[in-house]
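One structure is given here, and the rest of the page talks about it.
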Amino acid sequence: MLPLSFKEYISVFDAQTDISRKFRDYLRYSSFPQAVELYKINPENINMFLNGIYNTILFKDVMQRKGITDKNLLERITKYLYDNICNKTSIKSIVNNIEGLEKNSSYNTISNYINALLDSYLIFRANRYDIKEKEYLKTQEKYYAIDIGLRYYMLGQNSGKDMGHILENVVYLELKKMYETIPIGEIYEYKSFKRN
């Protein structure tokens, strides 16, 4: 089950509610149905709720179900993916960019951890599709967060600076409600031309 769409979210509130403010709250305070109810009572309770979701899914469900033993590495991969939503990335780039990554953290280990996160629905992956060759490519996919409010909780207030990526994530979640597979691709290669 996906979080509420913005249309579903605002239907819970009074029709006179400032729509711009509600959209900011929708992103900041989570769009999980229970979070919306908590917001109406006291927005300060939402962090405890998101902490419970994060710890239950990541450390209990994912680690126990998938037999993952390195809690620190799992959390670092999760935060890296949440920090880089909507960026084209690959497992190789994740291995190269997680600072201080243990040398025994192999490509296969990182891949297994990411697959466990995908199975838990904390993240979603959109694979690249080569429109010209009509085939899926195995690198440079994009990852999306299940909830932007959870991302704010995990990364802090500064995670709101990349509004373009946040909006892309919201659009992706809307598309996810309608389609099972949502590939990414490029129709043409952009070239800049200099004037003489």
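In the structure tokens, each chain is lettered A, B, ... as it comes, each chain's residues begin at 1, and ligands are numbered from 1 in order of appearance.
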
Could you name the residues that touch range 11-28 of chain A at 6 Å or less, counting only C-alpha atoms, but leaving out those on the same chain fewer than 3 positions away, as a list in words?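 Counting only C-alpha atoms, the residues come to Glu8, Ser31, Ile148 and Gly149 of chain A.
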
Can I get the selection written as a PDB file, in the first residue's frame, with N, CA, C and O atoms?
```pdb
ATOM      1  N   GLU A   8      -5.809  12.901  -1.898  1.00  0.00           N
ATOM      2  CA  GLU A   8      -6.338  12.164  -0.748  1.00  0.00           C
ATOM      3  C   GLU A   8      -5.984  12.866   0.557  1.00  0.00           C
ATOM      4  O   GLU A   8      -6.792  12.949   1.486  1.00  0.00           O
ATOM      5  N   SER A  31       3.026  11.353   4.309  1.00  0.00           N
ATOM      6  CA  SER A  31       1.704  11.137   3.711  1.00  0.00           C
ATOM      7  C   SER A  31       1.174   9.742   4.037  1.00  0.00           C
ATOM      8  O   SER A  31       0.245   9.272   3.389  1.00  0.00           O
ATOM      9  N   ILE A 148       8.231  11.049   1.328  1.00  0.00           N
ATOM     10  CA  ILE A 148       9.147  12.183   1.477  1.00  0.00           C
ATOM     11  C   ILE A 148       9.278  12.586   2.944  1.00  0.00           C
ATOM     12  O   ILE A 148      10.343  12.986   3.403  1.00  0.00           O
ATOM     13  N   GLY A 149       8.207  12.465   3.710  1.00  0.00           N
ATOM     14  CA  GLY A 149       8.285  12.765   5.137  1.00  0.00           C
ATOM     15  C   GLY A 149       9.274  11.857   5.851  1.00  0.00           C
ATOM     16  O   GLY A 149      10.015  12.292   6.737  1.00  0.00           O
TER      17      GLY A 149
END
```

To test your reading of the structure, identify every residue in chain A that backbone DSSP assigns to strand (DSSP E), and report it as a tab-separated table (two decimals) with all heavy atoms, in the first residue's frame.
```
chain	number	residue	atom	x	y	z
A	88	LYS	N	20.33	9.29	-11.36
A	88	LYS	CA	20.76	8.05	-12.00
A	88	LYS	C	21.93	7.52	-11.19
A	88	LYS	O	22.86	8.25	-10.86
A	88	LYS	CB	21.20	8.30	-13.44
A	88	LYS	CG	20.07	8.63	-14.37
A	88	LYS	CD	20.60	8.81	-15.77
A	88	LYS	CE	19.54	9.37	-16.68
A	88	LYS	NZ	20.09	9.74	-17.99
A	89	THR	N	21.86	6.24	-10.87
A	89	THR	CA	22.92	5.65	-10.06
A	89	THR	C	23.08	4.18	-10.42
A	89	THR	O	22.28	3.61	-11.14
A	89	THR	CB	22.62	5.83	-8.55
A	89	THR	OG1	23.77	5.50	-7.81
A	89	THR	CG2	21.45	4.98	-8.11
A	123	ILE	N	12.08	1.57	-0.63
A	123	ILE	CA	12.51	2.23	-1.87
A	123	ILE	C	11.89	1.51	-3.06
A	123	ILE	O	11.48	0.35	-2.96
A	123	ILE	CB	14.05	2.26	-2.02
A	123	ILE	CG1	14.62	0.84	-2.08
A	123	ILE	CG2	14.71	3.11	-0.95
A	123	ILE	CD1	16.07	0.77	-2.50
A	124	PHE	N	11.86	2.23	-4.17
A	124	PHE	CA	11.45	1.66	-5.45
A	124	PHE	C	12.55	1.95	-6.46
A	124	PHE	O	13.26	2.95	-6.33
A	124	PHE	CB	10.14	2.29	-5.94
A	124	PHE	CG	8.98	2.03	-5.03
A	124	PHE	CD1	8.54	3.00	-4.14
A	124	PHE	CD2	8.32	0.81	-5.06
A	124	PHE	CE1	7.47	2.76	-3.30
A	124	PHE	CE2	7.25	0.55	-4.23
A	124	PHE	CZ	6.83	1.53	-3.35
A	125	ARG	N	12.64	1.10	-7.47
A	125	ARG	CA	13.65	1.30	-8.51
A	125	ARG	C	12.96	1.44	-9.87
A	125	ARG	O	12.06	0.67	-10.19
A	125	ARG	CB	14.62	0.12	-8.54
A	125	ARG	CG	15.65	0.23	-9.65
A	125	ARG	CD	16.73	-0.84	-9.62
A	125	ARG	NE	16.19	-2.18	-9.45
A	125	ARG	CZ	16.81	-3.14	-8.78
A	125	ARG	NH1	17.97	-2.93	-8.22
A	125	ARG	NH2	16.27	-4.33	-8.68
A	126	ALA	N	13.43	2.42	-10.63
A	126	ALA	CA	12.98	2.57	-12.02
A	126	ALA	C	14.18	2.26	-12.90
A	126	ALA	O	15.21	2.93	-12.84
A	126	ALA	CB	12.48	3.99	-12.27
A	129	TYR	N	15.44	2.40	-19.70
A	129	TYR	CA	14.95	1.76	-20.91
A	129	TYR	C	15.55	2.47	-22.11
A	129	TYR	O	15.45	3.69	-22.24
A	129	TYR	CB	13.42	1.83	-20.96
A	129	TYR	CG	12.82	1.07	-22.11
A	129	TYR	CD1	12.77	-0.32	-22.09
A	129	TYR	CD2	12.29	1.73	-23.21
A	129	TYR	CE1	12.21	-1.03	-23.14
A	129	TYR	CE2	11.72	1.02	-24.26
A	129	TYR	CZ	11.69	-0.35	-24.23
A	129	TYR	OH	11.14	-1.06	-25.26
A	130	ASP	N	16.21	1.71	-22.96
A	130	ASP	CA	16.81	2.25	-24.18
A	130	ASP	C	15.72	2.27	-25.25
A	130	ASP	O	15.34	1.23	-25.79
A	130	ASP	CB	17.99	1.38	-24.61
A	130	ASP	CG	18.71	1.94	-25.82
A	130	ASP	OD1	18.11	2.70	-26.60
A	130	ASP	OD2	19.89	1.61	-26.00
A	135	GLU	N	15.18	-2.05	-25.17
A	135	GLU	CA	15.57	-3.03	-24.16
A	135	GLU	C	15.90	-2.32	-22.86
A	135	GLU	O	16.23	-1.14	-22.83
A	135	GLU	CB	16.76	-3.86	-24.63
A	135	GLU	CG	18.02	-3.06	-24.87
A	135	GLU	CD	19.17	-3.92	-25.39
A	135	GLU	OE1	18.91	-4.93	-26.06
A	135	GLU	OE2	20.31	-3.56	-25.10
A	136	TYR	N	15.78	-3.07	-21.76
A	136	TYR	CA	16.13	-2.54	-20.45
A	136	TYR	C	17.63	-2.63	-20.25
A	136	TYR	O	18.26	-3.62	-20.61
A	136	TYR	CB	15.41	-3.31	-19.34
A	136	TYR	CG	13.96	-2.92	-19.21
A	136	TYR	CD1	12.97	-3.68	-19.80
A	136	TYR	CD2	13.61	-1.77	-18.51
A	136	TYR	CE1	11.63	-3.31	-19.71
A	136	TYR	CE2	12.27	-1.39	-18.41
A	136	TYR	CZ	11.31	-2.16	-19.00
A	136	TYR	OH	9.99	-1.78	-18.91
A	141	GLU	N	20.05	3.15	-13.01
A	141	GLU	CA	18.65	3.22	-12.65
A	141	GLU	C	18.44	4.36	-11.66
A	141	GLU	O	19.39	4.97	-11.21
A	141	GLU	CB	18.16	1.89	-12.07
A	141	GLU	CG	18.98	1.37	-10.92
A	141	GLU	CD	20.14	0.47	-11.32
A	141	GLU	OE1	20.14	-0.06	-12.43
A	141	GLU	OE2	21.06	0.32	-10.52
A	142	LYS	N	17.19	4.65	-11.35
A	142	LYS	CA	16.85	5.66	-10.35
A	142	LYS	C	16.12	4.99	-9.20
A	142	LYS	O	15.37	4.04	-9.40
A	142	LYS	CB	15.96	6.75	-10.95
A	142	LYS	CG	16.66	7.69	-11.91
A	142	LYS	CD	15.71	8.81	-12.32
A	142	LYS	CE	16.38	9.79	-13.24
A	142	LYS	NZ	15.50	10.96	-13.53
A	143	TYR	N	16.32	5.54	-8.01
A	143	TYR	CA	15.64	5.03	-6.82
A	143	TYR	C	14.73	6.13	-6.27
A	143	TYR	O	15.05	7.32	-6.33
A	143	TYR	CB	16.66	4.60	-5.76
A	143	TYR	CG	17.44	3.39	-6.20
A	143	TYR	CD1	18.65	3.52	-6.87
A	143	TYR	CD2	16.94	2.11	-5.96
A	143	TYR	CE1	19.35	2.40	-7.29
A	143	TYR	CE2	17.64	0.99	-6.38
A	143	TYR	CZ	18.84	1.14	-7.04
A	143	TYR	OH	19.52	0.03	-7.47
A	144	TYR	N	13.59	5.68	-5.73
A	144	TYR	CA	12.59	6.60	-5.19
A	144	TYR	C	12.22	6.16	-3.78
A	144	TYR	O	12.16	4.97	-3.49
A	144	TYR	CB	11.34	6.61	-6.08
A	144	TYR	CG	11.63	7.13	-7.47
A	144	TYR	CD1	12.03	6.27	-8.49
A	144	TYR	CD2	11.53	8.49	-7.75
A	144	TYR	CE1	12.32	6.76	-9.76
A	144	TYR	CE2	11.82	8.98	-9.01
A	144	TYR	CZ	12.21	8.11	-10.01
A	144	TYR	OH	12.50	8.60	-11.26
A	145	ALA	N	11.93	7.15	-2.92
A	145	ALA	CA	11.55	6.89	-1.53
A	145	ALA	C	10.06	6.62	-1.43
A	145	ALA	O	9.27	7.19	-2.18
A	145	ALA	CB	11.91	8.09	-0.66
```

Between A:Val62, A:Pro33, A:Asn55, A:Val95, single out the one closest to Leu2 in chain A, counting only C-alpha atoms.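 Of the candidates, the smallest distance to Leu2 in chain A is held by A:Pro33.
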
Can you work out which one of A:Leu4, A:Ile46, A:Thr181, A:Met154 has the shortest atom-to-atom distance to Arg76 in chain A, counting only C-alpha atoms? A:Met154

Report as an NGL selection string all protein, DNA and RNA residues lying within 9 Å of Ile57 in chain A, evaluated on only C-alpha atoms, omitting residues in the same chain fewer than 5 positions from it. :A and (52 or 62-63 or 120 or 122)

Where in range 24-56 of chain A does DSSP assign helix (DSSP H, G or I), given as number ranges by chain? A: 24-28, 33-41, 43-56

I'd like the neighbourhood of Asn87 in chain A as a CSV table (one decimal) with N, CA, C and O atoms, in the first residue's frame, where a residue qualifies if any of its atoms comes within 12 Å (using only C-alpha atoms), though same-chain residues fewer than 3 positions away should be ignored.
```csv
chain,number,residue,atom,x,y,z
A,80,TYR,N,21.9,6.7,1.9
A,80,TYR,CA,22.5,7.1,0.6
A,80,TYR,C,21.4,7.2,-0.5
A,80,TYR,O,21.3,8.1,-1.2
A,81,LEU,N,20.6,6.1,-0.5
A,81,LEU,CA,19.6,6.1,-1.6
A,81,LEU,C,18.5,7.1,-1.3
A,81,LEU,O,18.0,7.8,-2.3
A,82,TYR,N,18.2,7.4,-0.1
A,82,TYR,CA,17.2,8.4,0.2
A,82,TYR,C,17.7,9.8,-0.1
A,82,TYR,O,17.0,10.7,-0.5
A,83,ASP,N,19.0,10.0,0.1
A,83,ASP,CA,19.7,11.3,-0.2
A,83,ASP,C,19.8,11.5,-1.7
A,83,ASP,O,19.9,12.6,-2.1
A,84,ASN,N,19.8,10.4,-2.4
A,84,ASN,CA,20.0,10.5,-3.9
A,84,ASN,C,18.8,10.1,-4.7
A,84,ASN,O,19.0,9.6,-5.8
A,90,SER,N,24.1,3.6,-9.9
A,90,SER,CA,24.4,2.2,-10.1
A,90,SER,C,25.0,1.6,-8.8
A,90,SER,O,25.4,2.4,-7.9
A,93,SER,N,28.5,2.9,-8.4
A,93,SER,CA,28.6,4.2,-7.8
A,93,SER,C,28.3,4.3,-6.4
A,93,SER,O,28.8,5.1,-5.6
A,94,ILE,N,27.4,3.4,-5.9
A,94,ILE,CA,27.0,3.4,-4.5
A,94,ILE,C,28.3,2.9,-3.7
A,94,ILE,O,28.7,3.5,-2.7
A,125,ARG,N,12.6,1.1,-7.5
A,125,ARG,CA,13.7,1.3,-8.5
A,125,ARG,C,13.0,1.4,-9.9
A,125,ARG,O,12.1,0.7,-10.2
A,126,ALA,N,13.4,2.4,-10.6
A,126,ALA,CA,13.0,2.6,-12.0
A,126,ALA,C,14.2,2.3,-12.9
A,126,ALA,O,15.2,2.9,-12.8
A,127,ASN,N,14.1,1.2,-13.7
A,127,ASN,CA,15.2,0.8,-14.6
A,127,ASN,C,15.2,1.7,-15.8
A,127,ASN,O,14.2,2.2,-16.3
A,128,ARG,N,16.4,1.8,-16.4
A,128,ARG,CA,16.6,2.5,-17.6
A,128,ARG,C,16.1,1.7,-18.8
A,128,ARG,O,16.3,0.5,-18.8
A,140,GLN,N,22.6,2.5,-14.2
A,140,GLN,CA,22.1,3.9,-14.1
A,140,GLN,C,20.6,3.9,-13.9
A,140,GLN,O,19.9,4.7,-14.6
A,141,GLU,N,20.1,3.1,-13.0
A,141,GLU,CA,18.6,3.2,-12.7
A,141,GLU,C,18.4,4.4,-11.7
A,141,GLU,O,19.4,5.0,-11.2
A,142,LYS,N,17.2,4.6,-11.4
A,142,LYS,CA,16.9,5.7,-10.4
A,142,LYS,C,16.1,5.0,-9.2
A,142,LYS,O,15.4,4.0,-9.4
A,143,TYR,N,16.3,5.5,-8.0
A,143,TYR,CA,15.6,5.0,-6.8
A,143,TYR,C,14.7,6.1,-6.3
A,143,TYR,O,15.1,7.3,-6.3
A,144,TYR,N,13.6,5.7,-5.7
A,144,TYR,CA,12.6,6.6,-5.2
A,144,TYR,C,12.2,6.2,-3.8
A,144,TYR,O,12.2,5.0,-3.5
A,145,ALA,N,11.9,7.1,-2.9
A,145,ALA,CA,11.6,6.9,-1.5
A,145,ALA,C,10.1,6.6,-1.4
A,145,ALA,O,9.3,7.2,-2.2
A,162,ASP,N,16.5,20.0,-2.5
A,162,ASP,CA,16.4,19.5,-3.9
A,162,ASP,C,14.9,19.3,-4.3
A,162,ASP,O,14.5,18.2,-4.6
A,164,GLY,N,13.3,19.8,-7.0
A,164,GLY,CA,13.0,19.1,-8.3
A,164,GLY,C,12.9,17.6,-8.1
A,164,GLY,O,12.0,16.9,-8.6
A,165,HIS,N,13.9,17.0,-7.3
A,165,HIS,CA,13.9,15.6,-7.1
A,165,HIS,C,12.7,15.2,-6.2
A,165,HIS,O,12.1,14.1,-6.4
A,166,ILE,N,12.4,16.0,-5.2
A,166,ILE,CA,11.2,15.7,-4.4
A,166,ILE,C,10.0,15.6,-5.2
A,166,ILE,O,9.2,14.7,-5.0
A,168,GLU,N,9.7,15.0,-8.4
A,168,GLU,CA,9.8,13.8,-9.3
A,168,GLU,C,9.4,12.6,-8.5
A,168,GLU,O,8.7,11.7,-9.0
A,169,ASN,N,9.8,12.5,-7.2
A,169,ASN,CA,9.5,11.4,-6.4
A,169,ASN,C,8.0,11.3,-6.2
A,169,ASN,O,7.4,10.2,-6.2
A,184,ILE,N,12.6,4.5,-16.9
A,184,ILE,CA,13.2,5.9,-17.2
A,184,ILE,C,14.0,5.7,-18.5
A,184,ILE,O,14.5,4.7,-18.8
```

Ranking A:Asn47, A:Asp70, A:Gln64, A:Lys79 by minimum distance to Leu155 in chain A and counting only C-alpha atoms, which one comes first?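 Smallest distance to Leu155 in chain A is found for A:Lys79.
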
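Using only C-alpha atoms, the smallest distance between any of A:Ser111, A:Leu74, A:Tyr153, A:Asp61 and Glu44 in chain A comes from A:Tyr153.
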